[in-house]
file work36.txt (compact mmCIF, C-alpha atoms (C1' of nucleotides))
# COMPACT_ATOMS: atom_id res chain seq x y z
CA MET A 1 0.00 0.00 0.00
CA SER A 2 1.30 3.41 -0.91
CA ASN A 3 1.81 6.31 1.43
CA GLU A 4 -0.78 8.28 -0.50
CA ASN A 5 -3.42 5.68 0.26
CA TYR A 6 -2.43 5.61 3.88
CA VAL A 7 -2.85 9.36 4.16
CA GLU A 8 -6.22 9.17 2.44
CA GLN A 9 -7.40 6.54 4.89
CA VAL A 10 -6.40 8.70 7.82
CA TYR A 11 -8.38 11.58 6.33
CA PHE A 12 -11.35 9.34 5.65
CA LEU A 13 -11.40 8.09 9.20
CA THR A 14 -10.91 11.55 10.67
CA ARG A 15 -13.91 12.83 8.73
CA LYS A 16 -16.01 10.11 10.37
CA ILE A 17 -15.44 11.52 13.86
CA PRO A 18 -18.80 12.90 15.02
CA ILE A 19 -19.08 16.52 16.14
CA GLY A 20 -18.47 16.77 19.85
CA LYS A 21 -16.35 13.64 19.86
CA VAL A 22 -12.59 13.06 19.75
CA THR A 23 -10.31 10.12 19.12
CA THR A 24 -6.62 9.38 19.49
CA TYR A 25 -3.68 8.78 17.18
CA GLY A 26 -3.33 5.29 18.56
CA ALA A 27 -6.97 4.39 17.91
CA ILE A 28 -6.63 5.46 14.29
CA SER A 29 -3.39 3.59 13.71
CA LYS A 30 -4.87 0.51 15.34
CA PHE A 31 -7.94 0.64 13.14
CA LEU A 32 -5.85 0.97 10.00
CA THR A 33 -3.71 -1.94 11.26
CA LEU A 34 -0.59 -0.52 9.71
CA GLY A 35 1.88 2.22 10.34
CA SER A 36 2.31 3.66 13.79
CA ALA A 37 0.68 6.38 15.84
CA ARG A 38 3.52 8.64 14.72
CA MET A 39 2.49 8.17 11.12
CA VAL A 40 -1.01 9.37 11.96
CA GLY A 41 0.46 12.61 13.26
CA TRP A 42 2.59 12.81 10.16
CA ALA A 43 -0.46 12.32 7.94
CA LEU A 44 -2.51 14.92 9.79
CA ASN A 45 0.35 17.36 9.51
CA LYS A 46 -0.29 17.31 5.78
CA SER A 47 -4.04 17.71 6.26
CA PHE A 48 -3.77 21.46 5.69
CA THR A 49 -3.64 20.70 1.99
CA ALA A 50 -6.85 18.67 2.24
CA GLU A 51 -10.39 19.92 2.66
CA ASN A 52 -12.79 19.10 5.46
CA VAL A 53 -10.42 17.18 7.68
CA PRO A 54 -11.35 17.93 11.30
CA ALA A 55 -7.86 17.28 12.62
CA HIS A 56 -8.70 19.12 15.83
CA ARG A 57 -10.75 16.08 16.90
CA VAL A 58 -7.60 13.97 17.18
CA VAL A 59 -5.68 14.16 20.45
CA ASN A 60 -3.05 12.03 22.13
CA ARG A 61 -3.87 9.25 24.55
CA LYS A 62 -3.86 11.58 27.55
CA GLY A 63 -6.32 13.91 25.87
CA GLU A 64 -3.72 16.62 25.36
CA LEU A 65 -4.05 18.91 22.34
CA SER A 66 -0.57 18.01 21.25
CA GLY A 67 -1.15 19.25 17.72
CA ARG A 68 -2.31 22.75 18.53
CA ASN A 69 0.92 24.39 17.37
CA HIS A 70 0.29 23.15 13.87
CA PHE A 71 -2.95 25.05 13.41
CA ALA A 72 -3.30 28.57 12.05
CA THR A 73 -3.09 29.83 15.61
CA PRO A 74 -2.06 27.91 18.75
CA THR A 75 -5.51 28.44 20.24
CA LEU A 76 -7.58 27.47 17.21
CA MET A 77 -7.71 23.76 18.07
CA GLN A 78 -9.13 24.47 21.52
CA GLU A 79 -11.59 27.03 20.16
CA LEU A 80 -12.95 24.59 17.59
CA LEU A 81 -13.40 21.84 20.15
CA GLU A 82 -15.13 24.08 22.66
CA LYS A 83 -17.41 25.33 19.91
CA GLU A 84 -18.42 21.71 19.41
CA GLY A 85 -19.13 21.20 23.08
CA VAL A 86 -15.86 19.66 24.23
CA THR A 87 -14.46 21.24 27.37
CA ILE A 88 -10.73 21.94 27.41
CA LYS A 89 -8.63 22.63 30.46
CA ASP A 90 -4.87 23.15 30.44
CA ASN A 91 -4.71 21.97 26.82
CA CYS A 92 -6.40 18.72 27.80
CA VAL A 93 -9.83 17.29 26.97
CA VAL A 94 -11.93 17.11 30.14
CA SER A 95 -13.64 13.74 30.61
CA LEU A 96 -11.91 12.18 27.65
CA ALA A 97 -13.72 8.89 28.24
CA THR A 98 -17.15 10.43 27.63
CA HIS A 99 -16.02 12.26 24.50
CA PHE A 100 -13.92 9.42 23.16
CA TRP A 101 -14.97 7.94 19.84
CA ASP A 102 -13.32 4.61 19.04
CA PRO A 103 -13.35 3.72 15.33
CA ASN A 104 -12.57 0.13 16.26
CA LEU A 105 -15.97 -0.11 17.93
CA GLU A 106 -18.06 2.28 15.85
CA LEU A 107 -16.98 1.40 12.35
CA ASP A 108 -16.90 -2.40 12.47
CA ASP A 109 -20.26 -2.47 10.70
CA TYR A 110 -18.91 -0.48 7.78
CA PHE A 111 -16.25 -3.03 6.94
CA ASP A 112 -17.66 -6.47 7.63
C1' DA B 113 24.76 8.26 3.73
C1' DA B 114 23.71 8.34 8.64
C1' DG B 115 21.66 10.07 12.44
C1' DG B 116 18.09 13.07 14.52
C1' DT B 117 13.30 14.36 14.98
C1' DG B 118 8.28 14.10 15.58
C1' DA B 119 0.56 16.28 16.11
C1' DC B 120 2.50 8.82 19.71
C1' DA B 121 1.77 4.67 22.73
C1' DG B 122 2.54 1.01 25.99
C1' DG B 123 5.03 -1.32 29.33
C1' DG B 124 8.33 -1.17 33.04
C1' DT B 125 10.14 0.84 37.39
C1' DT C 126 0.71 7.82 40.35
C1' DA C 127 4.26 9.59 37.52
C1' DC C 128 8.25 9.35 35.00
C1' DC C 129 11.41 6.84 31.73
C1' DC C 130 12.64 3.80 27.96
C1' DT C 131 11.80 1.60 23.77
C1' DG C 132 9.41 0.62 19.34
C1' DC C 133 7.70 2.92 15.62
C1' DC C 134 8.60 4.88 10.41
C1' DA C 135 8.78 8.79 7.08
C1' DC C 136 11.11 13.01 6.59
C1' DC C 137 14.67 16.41 7.35
C1' DT C 138 19.56 17.79 8.17
call {"tool": "encode", "arguments": {"input": "work36.txt", "output": "structure tokens"}}
result
Amino acid sequence: MSNENYVEQVYFLTRKIPIGKVTTYGAISKFLTLGSARMVGWALNKSFTAENVPAHRVVNRKGELSGRNHFATPTLMQELLEKEGVTIKDNCVVSLATHFWDPNLELDDYFD
DNA sequence: AAGGTGACAGGGT
DNA sequence: TACCCTGCCACCT
């Protein structure tokens, strides 16, 4: 599989994240069963060139907004999430468990 | 050409 | 509980 396809799959999956929900780099890499969590970050880093990729809904396993410095402004990621109803405190998602969206559970039906 | 660097994660101490 | 170490893999010096 080419890198281009890998990136497209990351975008596809990221677009599936419901508003008000977030997921993690690890969950995405696990669902795609290839690459590593680092590659997900690498793919999302290129998402500026793609349309409609809600990269702000992807955080690290601790719920930290580790990618905020890669947005137009360092505060944009937090602003977008709060606008969608996700509370942020100290650059971390509050109650990550209740906002967490796991593609491995939610998307099984799509790919029987 | 070789080593360092990340939008990371999981296990060990 | 919190830190540290290691695996990860494409890209950049």
call {"tool": "closest_residue", "arguments": {"input": "work36.txt", "among": "A:Val58, A:Leu105, A:Ile17, A:Met39", "to": "chain C", "atoms": "all atoms listed in the file"}}
result
A:Met39
call {"tool": "interface_residues", "arguments": {"input": "work36.txt", "of": "chain A", "to": "chain C", "cutoff": "10 Å", "atoms": "all atoms listed in the file", "output": "number ranges by chain"}}
result
A: 3, 35-39, 42-43
call {"tool": "closest_atom_pairs", "arguments": {"input": "work36.txt", "of": "chain A", "to": "chain B", "cutoff": "12 Å", "atoms": "all atoms listed in the file", "output": "JSON lines"}}
result
{"residue": "A:Thr24", "atom": "CA", "partner": "B:DC120", "partner_atom": "C1'", "distance": 9.1}
{"residue": "A:Tyr25", "atom": "CA", "partner": "B:DC120", "partner_atom": "C1'", "distance": 6.7}
{"residue": "A:Gly26", "atom": "CA", "partner": "B:DA121", "partner_atom": "C1'", "distance": 6.6}
{"residue": "A:Ala27", "atom": "CA", "partner": "B:DA121", "partner_atom": "C1'", "distance": 10.0}
{"residue": "A:Ile28", "atom": "CA", "partner": "B:DC120", "partner_atom": "C1'", "distance": 11.1}
{"residue": "A:Ser29", "atom": "CA", "partner": "B:DC120", "partner_atom": "C1'", "distance": 9.9}
{"residue": "A:Lys30", "atom": "CA", "partner": "B:DA121", "partner_atom": "C1'", "distance": 10.8}
{"residue": "A:Gly35", "atom": "CA", "partner": "B:DC120", "partner_atom": "C1'", "distance": 11.5}
{"residue": "A:Ser36", "atom": "CA", "partner": "B:DC120", "partner_atom": "C1'", "distance": 7.9}
{"residue": "A:Ala37", "atom": "CA", "partner": "B:DC120", "partner_atom": "C1'", "distance": 4.9}
{"residue": "A:Arg38", "atom": "CA", "partner": "B:DC120", "partner_atom": "C1'", "distance": 5.1}
{"residue": "A:Met39", "atom": "CA", "partner": "B:DC120", "partner_atom": "C1'", "distance": 8.6}
{"residue": "A:Val40", "atom": "CA", "partner": "B:DA119", "partner_atom": "C1'", "distance": 8.2}
{"residue": "A:Gly41", "atom": "CA", "partner": "B:DA119", "partner_atom": "C1'", "distance": 4.6}
{"residue": "A:Trp42", "atom": "CA", "partner": "B:DA119", "partner_atom": "C1'", "distance": 7.2}
{"residue": "A:Ala43", "atom": "CA", "partner": "B:DA119", "partner_atom": "C1'", "distance": 9.1}
{"residue": "A:Leu44", "atom": "CA", "partner": "B:DA119", "partner_atom": "C1'", "distance": 7.2}
{"residue": "A:Asn45", "atom": "CA", "partner": "B:DA119", "partner_atom": "C1'", "distance": 6.7}
{"residue": "A:Lys46", "atom": "CA", "partner": "B:DA119", "partner_atom": "C1'", "distance": 10.4}
{"residue": "A:Ser47", "atom": "CA", "partner": "B:DA119", "partner_atom": "C1'", "distance": 11.0}
{"residue": "A:Ala55", "atom": "CA", "partner": "B:DA119", "partner_atom": "C1'", "distance": 9.2}
{"residue": "A:His56", "atom": "CA", "partner": "B:DA119", "partner_atom": "C1'", "distance": 9.7}
{"residue": "A:Arg57", "atom": "CA", "partner": "B:DA119", "partner_atom": "C1'", "distance": 11.3}
{"residue": "A:Val58", "atom": "CA", "partner": "B:DA119", "partner_atom": "C1'", "distance": 8.5}
{"residue": "A:Val59", "atom": "CA", "partner": "B:DA119", "partner_atom": "C1'", "distance": 7.9}
{"residue": "A:Asn60", "atom": "CA", "partner": "B:DC120", "partner_atom": "C1'", "distance": 6.9}
{"residue": "A:Arg61", "atom": "CA", "partner": "B:DA121", "partner_atom": "C1'", "distance": 7.5}
{"residue": "A:Lys62", "atom": "CA", "partner": "B:DA121", "partner_atom": "C1'", "distance": 10.1}
{"residue": "A:Gly63", "atom": "CA", "partner": "B:DC120", "partner_atom": "C1'", "distance": 11.9}
{"residue": "A:Glu64", "atom": "CA", "partner": "B:DA119", "partner_atom": "C1'", "distance": 10.2}
{"residue": "A:Leu65", "atom": "CA", "partner": "B:DA119", "partner_atom": "C1'", "distance": 8.2}
{"residue": "A:Ser66", "atom": "CA", "partner": "B:DA119", "partner_atom": "C1'", "distance": 5.5}
{"residue": "A:Gly67", "atom": "CA", "partner": "B:DA119", "partner_atom": "C1'", "distance": 3.8}
{"residue": "A:Arg68", "atom": "CA", "partner": "B:DA119", "partner_atom": "C1'", "distance": 7.5}
{"residue": "A:Asn69", "atom": "CA", "partner": "B:DA119", "partner_atom": "C1'", "distance": 8.2}
{"residue": "A:His70", "atom": "CA", "partner": "B:DA119", "partner_atom": "C1'", "distance": 7.2}
{"residue": "A:Phe71", "atom": "CA", "partner": "B:DA119", "partner_atom": "C1'", "distance": 9.8}
{"residue": "A:Met77", "atom": "CA", "partner": "B:DA119", "partner_atom": "C1'", "distance": 11.3}
call {"tool": "atom_distance", "arguments": {"input": "work36.txt", "atom1": "CA of Pro74 in chain A", "atom2": "CA of Phe31 in chain A"}}
result
28.5 Å
call {"tool": "axis_aligned_box", "arguments": {"input": "work36.txt", "around": "range 128-135 of chain C", "padding_each_side": "3 Å", "output": "JSON"}}
result
{"center_x": 10.2, "center_y": 5.0, "center_z": 21.0, "size_x": 10.9, "size_y": 14.7, "size_z": 33.9}
call {"tool": "atom_distance", "arguments": {"input": "work36.txt", "atom1": "CA of Asp102 in chain A", "atom2": "CA of Gln9 in chain A"}}
result
15.5 Å
call {"tool": "atom_distance", "arguments": {"input": "work36.txt", "atom1": "CA of Thr73 in chain A", "atom2": "CA of Glu4 in chain A"}}
result
27.0 Å
call {"tool": "decode", "arguments": {"input": "work36.txt", "residues": "range 28-72 of chain A", "atoms": "C-alpha atoms", "output": "PDB file, in the first residue's frame"}}
result
ATOM      1  CA  ILE A  28      -6.632   5.461  14.293  1.00  0.00           C
ATOM      2  CA  SER A  29      -3.390   3.593  13.712  1.00  0.00           C
ATOM      3  CA  LYS A  30      -4.870   0.506  15.342  1.00  0.00           C
ATOM      4  CA  PHE A  31      -7.942   0.642  13.140  1.00  0.00           C
ATOM      5  CA  LEU A  32      -5.847   0.971  10.002  1.00  0.00           C
ATOM      6  CA  THR A  33      -3.708  -1.942  11.258  1.00  0.00           C
ATOM      7  CA  LEU A  34      -0.591  -0.522   9.709  1.00  0.00           C
ATOM      8  CA  GLY A  35       1.881   2.221  10.340  1.00  0.00           C
ATOM      9  CA  SER A  36       2.307   3.658  13.789  1.00  0.00           C
ATOM     10  CA  ALA A  37       0.683   6.377  15.840  1.00  0.00           C
ATOM     11  CA  ARG A  38       3.519   8.641  14.718  1.00  0.00           C
ATOM     12  CA  MET A  39       2.490   8.172  11.123  1.00  0.00           C
ATOM     13  CA  VAL A  40      -1.007   9.373  11.961  1.00  0.00           C
ATOM     14  CA  GLY A  41       0.461  12.611  13.263  1.00  0.00           C
ATOM     15  CA  TRP A  42       2.593  12.814  10.164  1.00  0.00           C
ATOM     16  CA  ALA A  43      -0.462  12.323   7.938  1.00  0.00           C
ATOM     17  CA  LEU A  44      -2.510  14.915   9.792  1.00  0.00           C
ATOM     18  CA  ASN A  45       0.352  17.359   9.510  1.00  0.00           C
ATOM     19  CA  LYS A  46      -0.290  17.305   5.779  1.00  0.00           C
ATOM     20  CA  SER A  47      -4.041  17.713   6.265  1.00  0.00           C
ATOM     21  CA  PHE A  48      -3.773  21.458   5.689  1.00  0.00           C
ATOM     22  CA  THR A  49      -3.638  20.699   1.993  1.00  0.00           C
ATOM     23  CA  ALA A  50      -6.855  18.666   2.243  1.00  0.00           C
ATOM     24  CA  GLU A  51     -10.390  19.925   2.662  1.00  0.00           C
ATOM     25  CA  ASN A  52     -12.794  19.105   5.462  1.00  0.00           C
ATOM     26  CA  VAL A  53     -10.417  17.182   7.678  1.00  0.00           C
ATOM     27  CA  PRO A  54     -11.348  17.933  11.304  1.00  0.00           C
ATOM     28  CA  ALA A  55      -7.864  17.281  12.616  1.00  0.00           C
ATOM     29  CA  HIS A  56      -8.703  19.116  15.826  1.00  0.00           C
ATOM     30  CA  ARG A  57     -10.751  16.082  16.900  1.00  0.00           C
ATOM     31  CA  VAL A  58      -7.602  13.972  17.181  1.00  0.00           C
ATOM     32  CA  VAL A  59      -5.676  14.160  20.448  1.00  0.00           C
ATOM     33  CA  ASN A  60      -3.054  12.031  22.129  1.00  0.00           C
ATOM     34  CA  ARG A  61      -3.874   9.246  24.550  1.00  0.00           C
ATOM     35  CA  LYS A  62      -3.857  11.585  27.545  1.00  0.00           C
ATOM     36  CA  GLY A  63      -6.322  13.910  25.868  1.00  0.00           C
ATOM     37  CA  GLU A  64      -3.721  16.622  25.357  1.00  0.00           C
ATOM     38  CA  LEU A  65      -4.053  18.912  22.337  1.00  0.00           C
ATOM     39  CA  SER A  66      -0.570  18.013  21.245  1.00  0.00           C
ATOM     40  CA  GLY A  67      -1.148  19.254  17.716  1.00  0.00           C
ATOM     41  CA  ARG A  68      -2.311  22.751  18.529  1.00  0.00           C
ATOM     42  CA  ASN A  69       0.919  24.390  17.373  1.00  0.00           C
ATOM     43  CA  HIS A  70       0.291  23.150  13.865  1.00  0.00           C
ATOM     44  CA  PHE A  71      -2.952  25.051  13.413  1.00  0.00           C
ATOM     45  CA  ALA A  72      -3.303  28.568  12.055  1.00  0.00           C
TER      46      ALA A  72
END
